[in-house]
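Data file: final_38.csv. Format and content: CSV, C-alpha atoms.
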chain,number,residue,atom,x,y,z
A,889,MET,CA,-39.9,0.4,31.8
A,890,LYS,CA,-38.0,3.5,30.8
A,891,LYS,CA,-35.0,2.4,32.9
A,892,ILE,CA,-35.0,-1.0,31.2
A,893,LEU,CA,-35.2,0.5,27.7
A,894,SER,CA,-32.5,3.0,28.6
A,895,GLY,CA,-30.3,0.2,29.9
A,896,ILE,CA,-30.8,-1.8,26.7
A,897,GLY,CA,-30.0,1.3,24.6
A,898,ILE,CA,-26.8,1.9,26.4
A,899,PHE,CA,-25.8,-1.7,26.1
A,900,LEU,CA,-26.5,-1.7,22.3
A,901,LEU,CA,-24.6,1.6,21.9
A,902,ILE,CA,-21.5,0.2,23.7
A,903,ALA,CA,-21.7,-3.0,21.6
A,904,CYS,CA,-22.0,-1.0,18.3
A,905,LEU,CA,-19.1,1.3,19.2
A,906,ARG,CA,-16.9,-1.7,20.1
A,907,HIS,CA,-17.3,-3.0,16.5
A,908,MET,CA,-16.7,0.4,15.0
A,909,LEU,CA,-13.4,1.2,16.7
A,910,PRO,CA,-10.1,0.1,15.2
A,911,VAL,CA,-9.0,-3.3,16.5
A,912,SER,CA,-6.0,-3.1,18.7
A,913,PRO,CA,-3.1,-5.5,18.1
A,914,GLN,CA,-3.5,-6.8,21.7
A,915,ALA,CA,-6.9,-8.2,20.7
A,916,HIS,CA,-5.2,-10.5,18.2
A,917,PRO,CA,-2.4,-12.4,19.9
A,918,ALA,CA,-2.0,-14.7,16.9
A,919,LEU,CA,-0.7,-11.8,14.7
A,920,ARG,CA,3.0,-12.2,13.8
A,921,THR,CA,3.6,-8.5,13.4
A,922,THR,CA,2.8,-5.5,15.6
A,923,ALA,CA,1.6,-2.1,14.7
A,924,ARG,CA,5.0,-0.7,15.8
A,925,GLN,CA,6.9,-3.1,13.5
A,926,ILE,CA,4.6,-2.1,10.6
A,927,LEU,CA,5.1,1.6,11.3
A,928,ASP,CA,8.9,1.1,11.4
A,929,GLN,CA,8.8,-0.6,8.0
A,930,SER,CA,6.4,2.1,6.6
A,931,GLU,CA,8.4,5.2,7.5
A,932,PRO,CA,11.1,4.9,4.9
A,933,LEU,CA,8.6,3.8,2.2
A,934,CYS,CA,6.4,6.8,2.8
A,935,ALA,CA,9.4,9.1,2.7
A,936,ALA,CA,10.5,7.6,-0.7
A,937,LEU,CA,7.0,7.9,-2.2
A,938,THR,CA,6.3,11.5,-1.2
A,939,PRO,CA,7.9,14.8,-2.2
A,940,SER,CA,11.2,15.4,-0.3
A,941,GLY,CA,10.9,17.6,2.7
A,942,ALA,CA,7.3,16.7,3.4
A,943,SER,CA,6.3,16.5,7.0
A,944,LEU,CA,4.5,13.2,7.4
A,945,GLN,CA,2.2,11.6,9.9
A,946,LEU,CA,1.5,7.9,9.9
A,947,ALA,CA,-1.4,6.0,11.3
A,948,VAL,CA,-1.8,2.2,11.4
A,949,GLN,CA,-4.8,-0.1,12.0
A,950,LEU,CA,-6.0,-3.5,11.1
A,951,ALA,CA,-8.2,-3.2,7.9
A,952,PRO,CA,-11.8,-3.8,9.0
A,953,GLY,CA,-13.1,-7.2,8.0
A,954,THR,CA,-9.7,-8.8,7.5
A,955,GLU,CA,-9.0,-10.0,11.0
A,956,ALA,CA,-10.6,-13.5,10.8
A,957,VAL,CA,-9.4,-14.6,7.4
A,958,ARG,CA,-6.3,-12.8,6.3
A,959,PRO,CA,-5.4,-9.9,8.6
A,960,ILE,CA,-4.0,-6.8,6.9
A,961,TRP,CA,-2.4,-3.8,8.4
A,962,ASN,CA,-3.4,-0.5,6.7
A,963,VAL,CA,-1.1,2.5,7.0
A,964,GLU,CA,-2.3,6.0,6.1
A,965,CYS,CA,0.4,8.6,5.5
A,966,THR,CA,-0.7,12.2,5.5
A,967,ASP,CA,1.1,15.5,5.3
A,968,ARG,CA,1.0,18.2,8.0
A,969,TYR,CA,-2.3,19.6,6.4
A,970,GLY,CA,-4.0,16.2,6.7
A,971,GLN,CA,-3.8,15.6,2.9
A,972,ASP,CA,-3.6,11.9,2.0
A,973,MET,CA,-0.2,11.1,0.6
A,974,VAL,CA,0.4,7.3,0.7
A,975,ASN,CA,-1.5,4.2,1.5
A,976,LEU,CA,0.3,1.0,2.4
A,977,ARG,CA,-1.1,-2.4,3.1
A,978,TRP,CA,0.9,-5.1,4.8
A,979,SER,CA,0.2,-8.8,5.6
A,980,ALA,CA,-0.2,-9.0,9.4
A,981,ASP,CA,0.9,-12.6,9.2
A,982,THR,CA,4.1,-12.3,7.2
A,983,GLY,CA,4.9,-8.5,7.4
A,984,ARG,CA,5.2,-8.4,3.6
A,985,LEU,CA,4.2,-5.4,1.6
A,986,LEU,CA,0.9,-6.1,-0.3
A,987,SER,CA,0.4,-2.7,-1.9
A,988,ALA,CA,1.6,0.8,-2.0
A,989,GLY,CA,-0.2,3.7,-3.5
A,990,THR,CA,0.2,7.4,-3.8
A,991,GLN,CA,-2.8,9.7,-3.2
A,992,TYR,CA,-1.6,13.0,-4.7
A,993,VAL,CA,-0.8,14.4,-8.1
A,994,LEU,CA,2.7,13.3,-9.0
A,995,SER,CA,3.5,15.8,-11.7
A,996,ARG,CA,1.9,18.5,-13.8
A,997,GLY,CA,4.7,19.0,-16.3
A,998,LYS,CA,4.7,17.9,-19.9
A,999,THR,CA,8.2,16.5,-20.0
A,1000,ILE,CA,8.3,12.7,-20.2
A,1001,GLN,CA,11.0,11.1,-18.0
A,1002,LEU,CA,10.2,7.5,-18.9
A,1003,ALA,CA,10.0,7.7,-22.7
A,1004,ASN,CA,10.7,4.1,-23.6
A,1005,GLU,CA,10.4,0.5,-22.3
A,1006,ARG,CA,14.1,0.4,-21.2
A,1007,GLN,CA,13.6,3.5,-19.0
A,1008,ALA,CA,10.3,2.0,-17.6
A,1009,ARG,CA,12.1,-1.3,-16.7
A,1010,GLU,CA,15.0,0.5,-15.0
A,1011,ALA,CA,12.6,2.6,-13.0
A,1012,ALA,CA,10.6,-0.5,-12.0
A,1013,GLN,CA,13.8,-2.3,-10.9
A,1014,SER,CA,14.8,0.8,-8.8
A,1015,TRP,CA,11.3,0.8,-7.1
A,1016,LEU,CA,11.5,-2.9,-6.4
A,1017,LYS,CA,14.8,-2.2,-4.5
A,1018,THR,CA,13.5,1.0,-2.8
A,1019,LEU,CA,10.4,-0.8,-1.5
A,1020,GLY,CA,12.5,-3.7,-0.2
A,1021,LEU,CA,10.9,-6.3,-2.5
A,1022,THR,CA,14.3,-7.4,-3.9
A,1023,ALA,CA,15.4,-8.6,-0.4
A,1024,ASP,CA,12.6,-11.2,-0.3
A,1025,ALA,CA,13.1,-12.6,-3.8
A,1026,SER,CA,16.1,-13.0,-6.1
A,1027,HIS,CA,16.3,-12.8,-9.9
A,1028,TRP,CA,13.4,-10.5,-10.5
A,1029,ARG,CA,12.3,-10.7,-14.2
A,1030,ILE,CA,10.8,-7.4,-15.5
A,1031,ASP,CA,8.3,-8.3,-18.2
A,1032,ARG,CA,7.5,-6.1,-21.1
A,1033,PRO,CA,6.1,-2.8,-19.9
A,1034,ARG,CA,2.9,-1.5,-21.4
A,1035,TYR,CA,2.4,2.2,-22.1
A,1036,LEU,CA,-1.0,3.8,-21.6
A,1037,PRO,CA,-0.8,7.2,-23.4
A,1038,ALA,CA,-4.2,8.5,-22.2
A,1039,GLN,CA,-3.0,8.2,-18.6
A,1040,THR,CA,0.7,8.9,-19.3
A,1041,THR,CA,1.6,5.8,-17.3
A,1042,TRP,CA,3.6,2.6,-17.7
A,1043,ILE,CA,2.3,-0.7,-16.3
A,1044,VAL,CA,5.3,-2.9,-15.5
A,1045,PRO,CA,4.7,-6.6,-14.5
A,1046,CYS,CA,7.5,-8.1,-12.5
A,1047,ALA,CA,8.0,-11.7,-11.3
A,1048,SER,CA,10.4,-13.7,-9.2
A,1049,THR,CA,10.4,-17.1,-7.6
A,1050,GLY,CA,7.1,-17.2,-5.7
A,1051,GLN,CA,6.5,-13.5,-6.0
A,1052,HIS,CA,4.8,-11.1,-8.5
A,1053,ALA,CA,4.5,-7.3,-8.5
A,1054,LEU,CA,2.7,-4.9,-10.8
A,1055,ILE,CA,4.0,-1.4,-10.9
A,1056,ASN,CA,2.1,1.6,-12.4
A,1057,LEU,CA,4.6,4.4,-13.1
A,1058,ASP,CA,3.9,8.0,-13.9
A,1059,ALA,CA,5.8,8.6,-17.2
A,1060,ARG,CA,6.4,12.3,-16.4
A,1061,SER,CA,7.9,11.9,-12.9
A,1062,GLY,CA,9.0,8.3,-12.9
A,1063,LEU,CA,7.2,7.9,-9.5
A,1064,PRO,CA,4.8,5.0,-8.9
A,1065,HIS,CA,1.0,5.6,-8.8
A,1066,TYR,CA,0.8,2.2,-7.1
A,1067,ILE,CA,2.6,-1.1,-6.6
A,1068,LEU,CA,0.7,-4.3,-6.1
A,1069,THR,CA,2.3,-7.6,-4.9
A,1070,ASN,CA,1.1,-11.2,-4.8
A,1071,GLY,CA,-2.0,-10.6,-2.7
A,1072,TYR,CA,-3.6,-8.0,-5.0
A,1073,ILE,CA,-2.5,-8.8,-8.5
A,1074,ARG,CA,-5.1,-11.5,-9.1
A,1075,LEU,CA,-7.8,-8.9,-8.6
A,1076,LEU,CA,-6.8,-7.0,-11.8
A,1077,PRO,CA,-7.8,-7.7,-15.3
A,1078,PHE,CA,-4.3,-6.8,-16.7
A,1079,ARG,CA,-2.1,-9.8,-17.4
A,1080,SER,CA,1.6,-9.8,-18.1
A,1081,HIS,CA,2.9,-10.9,-21.4
Written form, structure tokens:
Amino acid sequence: MKKILSGIGIFLLIACLRHMLPVSPQAHPALRTTARQILDQSEPLCAALTPSGASLQLAVQLAPGTEAVRPIWNVECTDRYGQDMVNLRWSADTGRLLSAGTQYVLSRGKTIQLANERQAREAAQSWLKTLGLTADASHWRIDRPRYLPAQTTWIVPCASTGQHALINLDARSGLPHYILTNGYIRLLPFRSH
């Protein structure tokens, strides 16, 4: 009896571990992008979104629970101390960037770099280009930025043919806290003007 229970326990343990481990790209032959392709796309973005000279390590895996409906690659970028720096999410079907977010304090100074709407628009346009979003769509329209003084941030909605992006910029440094594209914008209560 003990051998049977022991055997069942081992079987259940293996079954549970199988579901807890990251899914490998080979297990999903229908994916149009590979982990290597996503890492290659992520490296320059992580470098642009982190302090210059930072030694970065990237890890990619399919986001748990997304495989069956809408597979999403999740890329975690850490520094040499293991501190989270950047998180990127990519569509595994199209290879398009869904979101980018910084995980560290951008600035501690009091000087405001983005002091008005024009500067916020210019910074948003620059980040659209840096993140490669302008290559996928032409004629981006930058809607009226909204300033949130309590957070010292600008929220800048952007739109193009078939695409939308929402950029949250740190007013002190000009760096983005996060960028959301089509797949995630509808989850937010903020609407562009």
Applying 10 Å and all atoms listed in the file, which residues near Arg1009 of chain A remain after dropping the ones on its own chain fewer than 6 positions away? List them as a short mmCIF file (atom, residue, chain, number, x, y, z; two decimals) with C-alpha atoms, in the coordinates of the input.
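Writing the result to around_8.cif gives the following:
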data_model
loop_
_atom_site.label_atom_id
_atom_site.label_comp_id
_atom_site.auth_asym_id
_atom_site.auth_seq_id
_atom_site.Cartn_x
_atom_site.Cartn_y
_atom_site.Cartn_z
CA LEU A 1002 10.20 7.50 -18.90
CA TRP A 1015 11.30 0.80 -7.10
CA ARG A 1029 12.30 -10.70 -14.20
CA ILE A 1030 10.80 -7.40 -15.50
CA ASP A 1031 8.30 -8.30 -18.20
CA ARG A 1032 7.50 -6.10 -21.10
CA PRO A 1033 6.10 -2.80 -19.90
CA TRP A 1042 3.60 2.60 -17.70
CA ILE A 1043 2.30 -0.70 -16.30
CA VAL A 1044 5.30 -2.90 -15.50
CA PRO A 1045 4.70 -6.60 -14.50
CA CYS A 1046 7.50 -8.10 -12.50
CA ILE A 1055 4.00 -1.40 -10.90
#
Kindly provide, as a list of chain:residue names, the polymer residues lying within 9 Å of (10.4, 16.0, -18.4), counting all atoms listed in the file and using the coordinates exactly as they appear in the file. A:Gly997, A:Lys998, A:Thr999, A:Ile1000, A:Gln1001, A:Leu1002, A:Ala1059, A:Arg1060, A:Ser1061
So the first atom is atom CA of Tyr992 of chain A and the second is atom CA of Asp972 of chain A; what is the distance between them in Å, to one decimal place?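 It comes out at 7.1 Å.
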Point-to-point distance in Å for atom CA of Thr1069 of chain A and atom CA of Asp967 of chain A: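 Interatomic distance here is 25.3 Å.
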Atom CA of Met973 of chain A to atom CA of Gln949 of chain A, straight-line distance in Å: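 If I compute the distance from atom CA of Gln949 of chain A to atom CA of Met973 of chain A, I get 16.6 Å.
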Counting only C-alpha atoms, which residues have an atom no more than 9 Å from (-1.4, -5.2, -2.1) in the file's coordinates? Please list them as a list in words.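 Residues with an atom close enough to that point: Leu976, Arg977, Trp978, Ser979, Leu985, Leu986, Ser987, Ala988, Ala1053, Ile1067, Leu1068, Thr1069, Asn1070, Gly1071, Tyr1072 and Ile1073 of chain A.
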Give the answer as one residue: which of A:Leu950, A:Leu933, A:Leu944, A:Leu1036 has the shortest atom-to-atom distance to Glu1005 of chain A, using all atoms listed in the file?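 Ranked by minimum distance to Glu1005 of chain A, first place goes to A:Leu1036.
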Pick from A:His1052, A:Gln1013, A:Asn1004, A:Asn975, whichever lies nearest to Thr1040 of chain A using all atoms listed in the file: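 Checking each of A:His1052, A:Gln1013, A:Asn1004, A:Asn975 against Thr1040 of chain A, counting all atoms listed in the file, the winner is A:Asn1004.
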